$ cat model.pdb   # PDB, C-alpha atoms
MODEL        1
ATOM      1  CA  MET A 644      64.579  64.628 136.177
ATOM      2  CA  ALA A 645      63.399  67.677 134.293
ATOM      3  CA  LYS A 646      59.961  66.165 133.721
ATOM      4  CA  ILE A 647      59.418  65.462 137.399
ATOM      5  CA  ASN A 648      60.409  69.048 138.290
ATOM      6  CA  ASP A 649      58.026  70.340 135.654
ATOM      7  CA  TYR A 650      55.267  68.083 137.045
ATOM      8  CA  TYR A 651      55.690  69.350 140.619
ATOM      9  CA  GLN A 652      55.872  72.982 139.507
ATOM     10  CA  LYS A 653      52.635  72.630 137.548
ATOM     11  CA  LYS A 654      50.960  70.783 140.414
ATOM     12  CA  GLN A 655      51.985  73.549 142.822
ATOM     13  CA  LEU A 656      50.688  76.167 140.381
ATOM     14  CA  MET A 657      47.355  74.319 140.094
ATOM     15  CA  GLU A 658      46.991  74.219 143.878
ATOM     16  CA  LYS A 659      47.740  77.934 144.087
ATOM     17  CA  LEU A 660      45.229  78.742 141.329
ATOM     18  CA  SER A 661      42.641  76.482 142.948
ATOM     19  CA  ALA A 662      43.024  78.361 146.247
ATOM     20  CA  GLU A 663      42.664  81.716 144.445
ATOM     21  CA  LEU A 664      39.560  80.446 142.635
ATOM     22  CA  GLU A 665      37.995  79.377 145.932
ATOM     23  CA  GLN A 666      38.686  82.856 147.347
ATOM     24  CA  LEU A 667      37.008  84.462 144.333
ATOM     25  CA  GLU A 668      33.975  82.199 144.631
ATOM     26  CA  LYS A 669      33.466  83.411 148.209
ATOM     27  CA  ASP A 670      33.597  87.078 147.117
ATOM     28  CA  GLN A 671      30.139  88.694 147.304
ATOM     29  CA  ALA A 672      30.965  91.331 144.674
ATOM     30  CA  LEU A 673      31.852  88.607 142.173
ATOM     31  CA  LYS A 674      28.649  86.738 143.008
ATOM     32  CA  GLY A 675      26.661  89.898 142.255
ATOM     33  CA  GLU A 676      28.452  90.423 138.944
ATOM     34  CA  LEU A 677      27.925  86.801 137.909
ATOM     35  CA  GLU A 678      24.232  87.041 138.809
ATOM     36  CA  PHE A 679      23.917  90.226 136.752
ATOM     37  CA  GLU A 680      25.685  88.575 133.801
ATOM     38  CA  ASN A 681      23.347  85.584 133.971
ATOM     39  CA  LYS A 682      20.288  87.842 134.030
ATOM     40  CA  VAL A 683      21.565  89.866 131.069
ATOM     41  CA  ARG A 684      22.266  86.677 129.101
ATOM     42  CA  ALA A 685      18.760  85.386 129.927
ATOM     43  CA  LEU A 686      17.221  88.657 128.711
ATOM     44  CA  MET A 687      19.286  88.535 125.521
ATOM     45  CA  LYS A 688      18.107  84.976 124.901
ATOM     46  CA  GLU A 689      14.481  85.864 125.703
ATOM     47  CA  TYR A 690      14.499  88.738 123.184
ATOM     48  CA  ASP A 691      16.826  86.983 120.727
ATOM     49  CA  LYS A 692      19.477  89.724 120.869
ATOM     50  CA  SER A 693      23.226  89.466 120.464
ATOM     51  CA  PRO A 694      25.827  91.335 122.554
ATOM     52  CA  LYS A 695      26.372  93.581 119.524
ATOM     53  CA  ASP A 696      22.661  94.484 119.493
ATOM     54  CA  VAL A 697      22.777  95.331 123.194
ATOM     55  CA  LEU A 698      25.839  97.547 122.711
ATOM     56  CA  GLN A 699      24.111  99.393 119.862
ATOM     57  CA  ILE A 700      21.072 100.010 122.055
ATOM     58  CA  LEU A 701      23.198 101.176 124.974
ATOM     59  CA  SER A 702      25.371 103.419 122.787
ATOM     60  CA  ALA A 703      22.210 105.089 121.469
ATOM     61  CA  ILE A 704      21.307 105.916 125.065
ATOM     62  CA  ASP A 705      24.839 106.857 126.186
ATOM     63  CA  PRO A 706      27.529 107.372 123.493
ATOM     64  CA  SER A 707      30.327 106.724 125.991
ATOM     65  CA  VAL A 708      29.247 103.055 126.203
ATOM     66  CA  SER A 709      30.577 102.185 122.758
ATOM     67  CA  GLY A 710      33.985 103.660 123.530
ATOM     68  CA  ALA A 711      33.579 106.343 120.885
ATOM     69  CA  LYS A 712      34.138 109.973 121.756
ATOM     70  CA  ALA A 713      30.981 112.016 122.151
ATOM     71  CA  ASP A 714      32.526 114.880 120.186
ATOM     72  CA  THR A 715      34.971 113.550 117.626
ATOM     73  CA  THR A 716      35.919 117.013 116.335
ATOM     74  CA  ALA A 717      37.282 118.206 119.671
ATOM     75  CA  GLY A 718      41.042 118.512 119.589
ATOM     76  CA  SER A 719      41.395 117.863 115.903
ATOM     77  CA  ARG A 720      41.701 120.221 113.025
ATOM     78  CA  PRO A 721      40.729 119.894 109.397
ATOM     79  CA  LYS A 722      43.237 118.451 106.940
ATOM     80  CA  ARG A 723      45.455 120.877 105.149
ATOM     81  CA  PRO A 724      44.645 121.341 101.491
ATOM     82  CA  MET A 725      46.658 119.341  98.976
ATOM     83  CA  LYS A 726      49.168 121.548  97.163
ATOM     84  CA  THR A 727      50.788 120.647  93.869
ATOM     85  CA  TYR A 728      54.121 122.034  92.738
ATOM     86  CA  LYS A 729      55.592 121.538  89.257
ATOM     87  CA  ASN A 730      59.270 122.193  88.636
ATOM     88  CA  PRO A 731      59.492 123.964  85.231
ATOM     89  CA  HIS A 732      63.133 122.883  84.802
ATOM     90  CA  THR A 733      62.583 119.136  85.212
ATOM     91  CA  GLY A 734      58.810 118.761  84.846
ATOM     92  CA  GLU A 735      58.748 116.897  88.192
ATOM     93  CA  VAL A 736      55.484 117.205  90.134
ATOM     94  CA  VAL A 737      55.226 117.129  93.934
ATOM     95  CA  LYS A 738      51.920 116.852  95.837
ATOM     96  CA  THR A 739      51.987 117.618  99.539
ATOM     97  CA  ARG A 740      49.781 118.792 102.398
ATOM     98  CA  GLY A 741      52.674 120.267 104.360
ATOM     99  CA  GLY A 742      55.519 122.602 103.542
ATOM    100  CA  ASN A 743      58.313 120.435 104.889
ATOM    101  CA  HIS A 744      58.617 118.100 101.922
ATOM    102  CA  LYS A 745      62.073 116.719 101.119
ATOM    103  CA  THR A 746      61.962 117.513  97.399
ATOM    104  CA  LEU A 747      60.453 120.969  97.989
ATOM    105  CA  ASN A 748      63.233 121.773 100.454
ATOM    106  CA  GLU A 749      65.847 120.715  97.907
ATOM    107  CA  TRP A 750      64.197 122.931  95.277
ATOM    108  CA  ARG A 751      64.094 125.857  97.728
ATOM    109  CA  GLN A 752      67.816 125.519  98.401
ATOM    110  CA  LYS A 753      68.627 125.333  94.710
ATOM    111  CA  HIS A 754      66.156 127.873  93.236
ATOM    112  CA  GLY A 755      64.991 129.998  96.193
ATOM    113  CA  LYS A 756      61.850 130.048  98.271
ATOM    114  CA  GLU A 757      59.910 132.562  96.159
ATOM    115  CA  ALA A 758      60.667 130.726  92.903
ATOM    116  CA  VAL A 759      59.425 127.407  94.288
ATOM    117  CA  GLN A 760      56.318 129.094  95.706
ATOM    118  CA  SER A 761      55.547 130.446  92.241
ATOM    119  CA  TRP A 762      55.549 126.865  90.890
ATOM    120  CA  GLN A 763      52.451 126.023  92.922
ATOM    121  CA  GLN A 764      49.596 124.758  90.766
ATOM    122  CA  ASP A 765      45.954 125.259  91.759
TER     123      ASP A 765
ENDMDL
END
$ encode --input "model.pdb" --output "structure tokens"
Amino acid sequence: MAKINDYYQKKQLMEKLSAELEQLEKDQALKGELEFENKVRALMKEYDKSPKDVLQILSAIDPSVSGAKADTTAGSRPKRPMKTYKNPHTGEVVKTRGGNHKTLNEWRQKHGKEAVQSWQQD
């Protein structure tokens, strides 16, 4: 019985999708978009261009077409410089761009902030 239920559910779904497809085919906006797509494809074929080529051309005209930001530096800041610390007691070396490093924090608790700062290599 499960197969027959599955059959009728799928048949009902197909009828529903078929009705939706018919509605879309009557839509004038969709007809315009499909016509535009066909013309673009014909032009691409005529000039032997791929969609990638067209996107490159369009992004040269308008950078927002490719999805890339026009100004990639806006809202970002430069990376912090890499700092190297060497513990003179153990010889352990820590490289970090930030000050909130687990090992550095342990050293600061054990030896003091100023002492650890003096271990910075340049």
$ resolve_selection --input "model.pdb" --expression "the PyMOL selection byres ((chain A and resi 734-748) around 12)" --output "ChimeraX atom specification"
/A:721-733,749-760,762-765
$ atom_distance --input "model.pdb" --atom1 "atom CA of Gln652 of chain A" --atom2 "atom CA of Glu668 of chain A"
24.3 Å
$ residues_around --input "model.pdb" --residues "Leu698 of chain A" --least-positions-apart "4" --cutoff "9 Å" --atoms "all atoms listed in the file" --output "list in words"
Ser693, Pro694, Ser702, Ala703, Val708 and Ser709 of chain A
$ atom_distance --input "model.pdb" --atom1 "atom CA of Leu667 of chain A" --atom2 "atom CA of Asn648 of chain A"
28.7 Å
$ axis_aligned_box --input "model.pdb" --around "segment 690-709 of chain A" --padding-each-side "6 Å" --output "AutoDock Vina command-line options"
--center_x 22.5 --center_y 97.2 --center_z 122.8 --size_x 28.1 --size_y 32.4 --size_z 18.7
$ atom_distance --input "model.pdb" --atom1 "atom CA of Lys653 of chain A" --atom2 "atom CA of Glu665 of chain A"
18.2 Å
